[in-house]
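The file entry-v4.pdb contains PDB, C-alpha atoms:
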ATOM      1  CA  MET A   1      53.524 -72.007-111.301
ATOM      2  CA  LEU A   2      52.845 -74.820-113.736
ATOM      3  CA  ARG A   3      55.629 -77.416-113.805
ATOM      4  CA  HIS A   4      56.907 -79.606-116.618
ATOM      5  CA  SER A   5      55.775 -82.757-114.780
ATOM      6  CA  ASP A   6      52.239 -81.381-114.230
ATOM      7  CA  ILE A   7      51.427 -81.342-117.938
ATOM      8  CA  TRP A   8      52.808 -84.835-118.554
ATOM      9  CA  THR A   9      50.842 -86.104-115.540
ATOM     10  CA  ALA A  10      47.654 -84.596-116.951
ATOM     11  CA  ILE A  11      48.302 -86.236-120.336
ATOM     12  CA  ASP A  12      48.838 -89.645-118.687
ATOM     13  CA  ARG A  13      45.680 -89.285-116.568
ATOM     14  CA  LEU A  14      43.592 -88.198-119.536
ATOM     15  CA  ALA A  15      44.848 -91.229-121.482
ATOM     16  CA  ARG A  16      43.921 -93.605-118.630
ATOM     17  CA  ASP A  17      40.534 -91.951-118.242
ATOM     18  CA  ARG A  18      39.844 -92.709-121.912
ATOM     19  CA  GLY A  19      41.133 -96.286-121.573
ATOM     20  CA  LEU A  20      44.271 -95.563-123.588
ATOM     21  CA  SER A  21      48.004 -95.737-123.226
ATOM     22  CA  ALA A  22      50.042 -92.593-123.853
ATOM     23  CA  SER A  23      50.901 -93.889-127.324
ATOM     24  CA  GLY A  24      47.254 -94.766-127.977
ATOM     25  CA  LEU A  25      46.261 -91.230-127.028
ATOM     26  CA  ALA A  26      48.834 -89.830-129.449
ATOM     27  CA  ARG A  27      47.517 -92.049-132.265
ATOM     28  CA  ARG A  28      43.927 -91.006-131.613
ATOM     29  CA  ALA A  29      45.009 -87.368-131.873
ATOM     30  CA  GLY A  30      46.706 -88.026-135.223
ATOM     31  CA  LEU A  31      50.196 -87.662-133.764
ATOM     32  CA  ASP A  32      53.244 -89.880-134.002
ATOM     33  CA  PRO A  33      52.643 -92.772-131.548
ATOM     34  CA  THR A  34      55.892 -91.968-129.729
ATOM     35  CA  THR A  35      54.990 -88.309-129.093
ATOM     36  CA  PHE A  36      54.137 -88.865-125.416
ATOM     37  CA  ASN A  37      56.609 -91.668-124.657
ATOM     38  CA  LYS A  38      58.654 -91.347-121.474
ATOM     39  CA  SER A  39      61.812 -91.091-123.577
ATOM     40  CA  LYS A  40      60.434 -87.985-125.311
ATOM     41  CA  ARG A  41      59.936 -86.068-122.061
ATOM     42  CA  THR A  42      63.586 -85.199-121.628
ATOM     43  CA  THR A  43      66.360 -84.503-124.109
ATOM     44  CA  ARG A  44      69.454 -86.678-124.378
ATOM     45  CA  ASP A  45      71.330 -84.315-122.092
ATOM     46  CA  GLY A  46      68.579 -84.540-119.458
ATOM     47  CA  LYS A  47      66.853 -81.231-120.152
ATOM     48  CA  GLU A  48      63.097 -81.241-119.562
ATOM     49  CA  ARG A  49      61.001 -81.141-122.716
ATOM     50  CA  TRP A  50      57.475 -79.708-122.727
ATOM     51  CA  PRO A  51      54.696 -81.124-124.924
ATOM     52  CA  SER A  52      53.748 -78.654-127.617
ATOM     53  CA  THR A  53      50.568 -76.638-127.274
ATOM     54  CA  GLU A  54      49.548 -77.909-130.706
ATOM     55  CA  SER A  55      49.752 -81.540-129.535
ATOM     56  CA  ILE A  56      47.680 -80.799-126.435
ATOM     57  CA  SER A  57      45.061 -79.015-128.554
ATOM     58  CA  LYS A  58      44.813 -82.058-130.833
ATOM     59  CA  VAL A  59      44.455 -84.373-127.847
ATOM     60  CA  LEU A  60      41.617 -82.310-126.393
ATOM     61  CA  GLN A  61      39.851 -82.211-129.739
ATOM     62  CA  ALA A  62      40.291 -85.956-130.356
ATOM     63  CA  THR A  63      39.043 -86.996-126.904
ATOM     64  CA  GLY A  64      36.336 -84.375-126.559
ATOM     65  CA  ALA A  65      37.925 -83.195-123.313
ATOM     66  CA  SER A  66      37.537 -79.571-122.305
ATOM     67  CA  LEU A  67      40.390 -77.438-121.066
ATOM     68  CA  ASN A  68      38.776 -77.447-117.617
ATOM     69  CA  GLU A  69      38.760 -81.247-117.629
ATOM     70  CA  PHE A  70      42.405 -81.332-118.645
ATOM     71  CA  VAL A  71      43.340 -78.943-115.835
ATOM     72  CA  ALA A  72      41.477 -81.149-113.358
ATOM     73  CA  PHE A  73      43.953 -83.928-114.125
ATOM     74  CA  ILE A  74      46.812 -81.724-112.917
ATOM     75  CA  GLY A  75      47.905 -82.084-109.318
ATOM     76  CA  GLY A  76      45.851 -85.127-108.441
ATOM     77  CA  GLY A  77      42.613 -83.691-109.719
ATOM     78  CA  SER A  78      42.630 -80.507-107.597
ATOM     79  CA  GLY A  79      43.367 -78.063-110.349
ATOM     80  CA  ALA A  80      42.670 -74.847-108.459
ATOM     81  CA  ALA A  81      46.323 -73.778-108.224
ATOM     82  CA  ALA A  82      46.805 -74.635-111.885
ATOM     83  CA  TYR A  83      44.418 -71.911-113.024
ATOM     84  CA  GLN A  84      44.962 -68.253-113.609
ATOM     85  CA  ASN A  85      42.515 -65.711-114.977
ATOM     86  CA  VAL A  86      43.841 -64.112-118.145
ATOM     87  CA  PRO A  87      42.485 -60.914-119.707
ATOM     88  CA  VAL A  88      40.972 -61.334-123.180
ATOM     89  CA  ILE A  89      40.048 -58.847-125.908
ATOM     90  CA  GLY A  90      39.422 -59.011-129.615
ATOM     91  CA  PHE A  91      42.489 -58.904-131.849
ATOM     92  CA  ALA A  92      41.134 -55.873-133.672
ATOM     93  CA  GLN A  93      41.013 -53.948-130.393
ATOM     94  CA  ALA A  94      44.632 -54.661-129.518
ATOM     95  CA  GLY A  95      45.935 -51.675-131.455
ATOM     96  CA  THR A  96      43.650 -49.313-129.560
ATOM     97  CA  GLU A  97      45.253 -47.072-126.970
ATOM     98  CA  GLY A  98      44.740 -48.038-123.344
ATOM     99  CA  TYR A  99      44.847 -51.818-123.591
ATOM    100  CA  PHE A 100      48.618 -52.230-123.100
ATOM    101  CA  ASP A 101      51.301 -50.362-121.209
ATOM    102  CA  ASP A 102      54.654 -49.450-122.759
ATOM    103  CA  ALA A 103      56.094 -52.895-121.951
ATOM    104  CA  GLY A 104      53.264 -54.724-123.706
ATOM    105  CA  TYR A 105      51.509 -55.802-120.491
ATOM    106  CA  PRO A 106      47.689 -55.725-120.206
ATOM    107  CA  ALA A 107      46.540 -52.385-118.788
ATOM    108  CA  GLY A 108      43.320 -50.624-117.917
ATOM    109  CA  GLY A 109      39.992 -52.044-116.844
ATOM    110  CA  SER A 110      38.357 -52.797-120.187
ATOM    111  CA  TRP A 111      39.442 -56.444-120.428
ATOM    112  CA  ASP A 112      37.177 -59.428-119.892
ATOM    113  CA  GLU A 113      38.777 -62.463-118.229
ATOM    114  CA  ILE A 114      38.805 -66.186-118.892
ATOM    115  CA  PRO A 115      40.271 -69.040-116.780
ATOM    116  CA  PHE A 116      43.323 -70.712-118.262
ATOM    117  CA  LEU A 117      46.247 -72.914-117.259
ATOM    118  CA  ASN A 118      48.747 -71.177-115.005
ATOM    119  CA  VAL A 119      51.546 -70.513-117.489
ATOM    120  CA  GLY A 120      53.846 -68.904-114.947
ATOM    121  CA  ASP A 121      53.441 -65.418-116.379
ATOM    122  CA  PRO A 122      51.084 -63.119-114.442
ATOM    123  CA  HIS A 123      50.975 -60.803-117.474
ATOM    124  CA  ALA A 124      49.731 -63.475-119.906
ATOM    125  CA  TYR A 125      46.639 -62.504-121.881
ATOM    126  CA  ALA A 126      44.352 -63.765-124.631
ATOM    127  CA  LEU A 127      43.438 -62.336-128.019
ATOM    128  CA  GLU A 128      40.420 -63.466-130.045
ATOM    129  CA  VAL A 129      41.262 -63.703-133.735
ATOM    130  CA  SER A 130      39.037 -61.943-136.251
ATOM    131  CA  GLY A 131      39.196 -62.131-140.028
ATOM    132  CA  ASP A 132      41.224 -64.406-142.281
ATOM    133  CA  SER A 133      44.606 -62.666-142.413
ATOM    134  CA  MET A 134      46.226 -65.341-140.213
ATOM    135  CA  GLU A 135      44.715 -68.422-141.851
ATOM    136  CA  PRO A 136      45.324 -71.318-141.969
ATOM    137  CA  VAL A 137      47.286 -71.195-138.692
ATOM    138  CA  PHE A 138      44.808 -69.051-136.743
ATOM    139  CA  ARG A 139      41.214 -68.781-137.928
ATOM    140  CA  ASP A 140      38.399 -66.377-137.183
ATOM    141  CA  GLY A 141      37.171 -67.018-133.635
ATOM    142  CA  HIS A 142      40.314 -68.780-132.420
ATOM    143  CA  VAL A 143      41.708 -67.612-129.082
ATOM    144  CA  ILE A 144      45.469 -67.291-128.693
ATOM    145  CA  ILE A 145      47.277 -67.056-125.361
ATOM    146  CA  VAL A 146      50.202 -64.638-125.342
ATOM    147  CA  SER A 147      53.025 -64.364-122.796
ATOM    148  CA  PRO A 148      55.060 -61.132-122.639
ATOM    149  CA  GLY A 149      57.430 -62.839-120.183
ATOM    150  CA  ALA A 150      58.252 -65.919-122.272
ATOM    151  CA  GLU A 151      61.601 -66.240-123.993
ATOM    152  CA  ILE A 152      61.318 -65.765-127.755
ATOM    153  CA  ARG A 153      63.316 -67.943-130.123
ATOM    154  CA  ARG A 154      63.664 -68.229-133.874
ATOM    155  CA  GLY A 155      60.617 -69.950-135.341
ATOM    156  CA  ASP A 156      58.259 -68.953-132.534
ATOM    157  CA  ARG A 157      54.884 -67.480-133.377
ATOM    158  CA  VAL A 158      54.614 -64.010-131.923
ATOM    159  CA  VAL A 159      52.348 -61.011-131.566
ATOM    160  CA  LEU A 160      53.914 -57.594-131.892
ATOM    161  CA  LYS A 161      52.841 -54.006-131.919
ATOM    162  CA  THR A 162      54.559 -51.309-133.936
ATOM    163  CA  ARG A 163      55.008 -47.755-132.723
ATOM    164  CA  GLU A 164      52.413 -46.748-135.327
ATOM    165  CA  GLY A 165      49.825 -48.921-133.552
ATOM    166  CA  GLU A 166      49.715 -51.880-135.948
ATOM    167  CA  VAL A 167      49.287 -55.251-134.209
ATOM    168  CA  MET A 168      50.174 -58.440-136.063
ATOM    169  CA  ALA A 169      50.799 -62.148-135.531
ATOM    170  CA  LYS A 170      53.782 -63.583-137.387
ATOM    171  CA  ALA A 171      56.494 -66.220-137.111
ATOM    172  CA  LEU A 172      59.854 -64.889-136.007
ATOM    173  CA  ARG A 173      62.344 -65.776-138.701
ATOM    174  CA  ARG A 174      65.307 -63.798-137.371
ATOM    175  CA  ARG A 175      66.012 -61.100-134.814
ATOM    176  CA  THR A 176      69.074 -58.897-134.498
ATOM    177  CA  ALA A 177      69.830 -55.811-132.443
ATOM    178  CA  TYR A 178      68.619 -53.737-135.384
ATOM    179  CA  LYS A 179      65.697 -55.518-137.003
ATOM    180  CA  TYR A 180      63.037 -58.236-136.925
ATOM    181  CA  GLU A 181      62.492 -60.554-139.888
ATOM    182  CA  LEU A 182      58.956 -61.959-139.772
ATOM    183  CA  ALA A 183      57.246 -64.677-141.809
ATOM    184  CA  SER A 184      53.555 -64.293-142.577
ATOM    185  CA  LEU A 185      51.189 -67.008-141.356
ATOM    186  CA  ASN A 186      49.074 -66.555-144.487
ATOM    187  CA  ALA A 187      50.764 -67.132-147.844
ATOM    188  CA  GLU A 188      48.626 -64.398-149.401
ATOM    189  CA  HIS A 189      50.209 -61.786-147.152
ATOM    190  CA  PRO A 190      53.833 -60.666-147.550
ATOM    191  CA  ASP A 191      56.588 -61.378-145.067
ATOM    192  CA  ARG A 192      57.749 -58.334-143.136
ATOM    193  CA  TRP A 193      60.879 -56.897-141.675
ATOM    194  CA  LEU A 194      60.838 -54.114-139.142
ATOM    195  CA  ALA A 195      63.535 -51.976-137.634
ATOM    196  CA  ALA A 196      63.906 -52.770-133.923
ATOM    197  CA  GLU A 197      63.231 -49.136-133.076
ATOM    198  CA  ASP A 198      59.832 -49.372-134.795
ATOM    199  CA  VAL A 199      58.634 -52.263-132.595
ATOM    200  CA  GLU A 200      56.913 -51.141-129.409
ATOM    201  CA  TRP A 201      56.684 -54.659-127.951
ATOM    202  CA  ILE A 202      56.776 -58.306-128.984
ATOM    203  CA  ALA A 203      55.448 -61.377-127.131
ATOM    204  CA  ARG A 204      55.364 -65.112-127.739
ATOM    205  CA  ILE A 205      52.164 -67.025-128.555
ATOM    206  CA  LEU A 206      51.922 -69.997-126.171
ATOM    207  CA  TRP A 207      48.616 -71.577-127.142
ATOM    208  CA  ALA A 208      45.916 -71.439-129.776
ATOM    209  CA  SER A 209      42.455 -72.976-129.567
ATOM    210  CA  GLN A 210      41.444 -75.327-132.365
TER
END

Entire entry expressed as structure tokens:
Amino acid sequence: MLRHSDIWTAIDRLARDRGLSASGLARRAGLDPTTFNKSKRTTRDGKERWPSTESISKVLQATGASLNEFVAFIGGGSGAAAYQNVPVIGFAQAGTEGYFDDAGYPAGGSWDEIPFLNVGDPHAYALEVSGDSMEPVFRDGHVIIVSPGAEIRRGDRVVLKTREGEVMAKALRRRTAYKYELASLNAEHPDRWLAAEDVEWIARILWASQ
């Protein structure tokens, strides 16, 4: 399982490999220079804080590093244990019967697979975005990594499937025992609310390619 310290170690090693400090790496990626400071890696009460997936994506884009290269910086450069193969299908296919079980886990044998960071969820999977309904957050061709096992909190970006077979990516605005309030990622599309009984499954988006 990927640990909090593994990701920070990889960030520090990538920075050194590019001849940068952690703050210099953040600046190059267009982030606040303090984003990767040691003081930002834990909260005031000592709780571990993870770097955001968005910040890591920006770092990879700014340095020209691939995801495979980033993983190689984890665990002293032997990144084998840091990988897991995740199933991947097109977003448009996700509403088709046979791709998920009742709990929202990948099912069947029709998935392709791609290597990705070990996110600690053996049921994690990837969806390839098609169309413009999720712009500007997710664009056509982007790949998003989804974790059915991750805790979902207000403000998280999520994928959900309704009992009618509709699959959508939204931001979770509010959740109660009776309903989900969802914000659209594209201003041209309306926000939604759904009765809890109409949602077959919901899962958190952990990562999006840039």

Contacts between region 82-86 of chain A and region 95-194 of chain A, please, where a residue of region 95-194 of chain A counts if it comes within 7 Å (with all atoms listed in the file); show its shortest atom pair and distance in Å to one decimal, rows by chain and ascending number, as CSV.
residue,atom,partner,partner_atom,distance
A:Glu113,CA,A:Val86,CA,5.3
A:Ile114,CA,A:Asn85,CA,5.4
A:Pro115,CA,A:Asn85,CA,4.4
A:Phe116,CA,A:Tyr83,CA,5.5
A:Leu117,CA,A:Tyr83,CA,4.7
A:Asn118,CA,A:Tyr83,CA,4.8
A:Ala124,CA,A:Val86,CA,6.2
A:Tyr125,CA,A:Val86,CA,4.9
A:Ala126,CA,A:Val86,CA,6.5

Please compute the CA of Leu14 (chain A)-CA of Val71 (chain A) distance, one decimal, in Å.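 Computing it gives 10.0 Å between the two atoms.
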
So that each row is one residue of region 37-143 of chain A with an atom at most 10 Å from region 166-189 of chain A, can you give its shortest atom pair and the distance in Å to one decimal, using all atoms listed in the file, rows by chain and rising number, as CSV?
residue,atom,partner,partner_atom,distance
A:Phe91,CA,A:Val167,CA,8.1
A:Ala92,CA,A:Val167,CA,8.2
A:Gln93,CA,A:Val167,CA,9.2
A:Ala94,CA,A:Val167,CA,6.6
A:Gly95,CA,A:Val167,CA,5.6
A:Thr96,CA,A:Glu166,CA,9.2
A:Val129,CA,A:Ala169,CA,9.8
A:Asp132,CA,A:Asn186,CA,8.4
A:Ser133,CA,A:Asn186,CA,6.3
A:Met134,CA,A:Asn186,CA,5.3
A:Glu135,CA,A:Asn186,CA,5.4
A:Pro136,CA,A:Asn186,CA,6.6
A:Val137,CA,A:Leu185,CA,6.3
A:Phe138,CA,A:Leu185,CA,8.1

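The closest residue to Pro87 (chain A), picked from A:Ser110, A:Ser23, A:Thr9, A:Thr63 and counting all atoms listed in the file, is A:Ser110.
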
For the provided coordinates, the residues matched by the PyMOL selection byres ((chain A and resi 67) around 12) should be stated as an mmCIF file with C-alpha atoms, in the frame of the given file.
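Result file is selection.cif:
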data_model
loop_
_atom_site.group_PDB
_atom_site.id
_atom_site.type_symbol
_atom_site.label_atom_id
_atom_site.label_comp_id
_atom_site.auth_asym_id
_atom_site.auth_seq_id
_atom_site.Cartn_x
_atom_site.Cartn_y
_atom_site.Cartn_z
ATOM 1 C CA ALA A 10 47.654 -84.596 -116.951
ATOM 2 C CA ILE A 11 48.302 -86.236 -120.336
ATOM 3 C CA LEU A 14 43.592 -88.198 -119.536
ATOM 4 C CA THR A 53 50.568 -76.638 -127.274
ATOM 5 C CA ILE A 56 47.680 -80.799 -126.435
ATOM 6 C CA SER A 57 45.061 -79.015 -128.554
ATOM 7 C CA LYS A 58 44.813 -82.058 -130.833
ATOM 8 C CA VAL A 59 44.455 -84.373 -127.847
ATOM 9 C CA LEU A 60 41.617 -82.310 -126.393
ATOM 10 C CA GLN A 61 39.851 -82.211 -129.739
ATOM 11 C CA THR A 63 39.043 -86.996 -126.904
ATOM 12 C CA GLY A 64 36.336 -84.375 -126.559
ATOM 13 C CA ALA A 65 37.925 -83.195 -123.313
ATOM 14 C CA SER A 66 37.537 -79.571 -122.305
ATOM 15 C CA ASN A 68 38.776 -77.447 -117.617
ATOM 16 C CA GLU A 69 38.760 -81.247 -117.629
ATOM 17 C CA PHE A 70 42.405 -81.332 -118.645
ATOM 18 C CA VAL A 71 43.340 -78.943 -115.835
ATOM 19 C CA ALA A 72 41.477 -81.149 -113.358
ATOM 20 C CA PHE A 73 43.953 -83.928 -114.125
ATOM 21 C CA ILE A 74 46.812 -81.724 -112.917
ATOM 22 C CA GLY A 79 43.367 -78.063 -110.349
ATOM 23 C CA ALA A 82 46.805 -74.635 -111.885
ATOM 24 C CA TYR A 83 44.418 -71.911 -113.024
ATOM 25 C CA ILE A 114 38.805 -66.186 -118.892
ATOM 26 C CA PRO A 115 40.271 -69.040 -116.780
ATOM 27 C CA PHE A 116 43.323 -70.712 -118.262
ATOM 28 C CA LEU A 117 46.247 -72.914 -117.259
ATOM 29 C CA TRP A 207 48.616 -71.577 -127.142
ATOM 30 C CA ALA A 208 45.916 -71.439 -129.776
ATOM 31 C CA SER A 209 42.455 -72.976 -129.567
ATOM 32 C CA GLN A 210 41.444 -75.327 -132.365
#

Which is closest to Trp50 (chain A) among A:Glu197, A:Asp121, A:Asp101, A:Asp6, if we use only C-alpha atoms?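 Closest to Trp50 (chain A), using only C-alpha atoms: A:Asp6.
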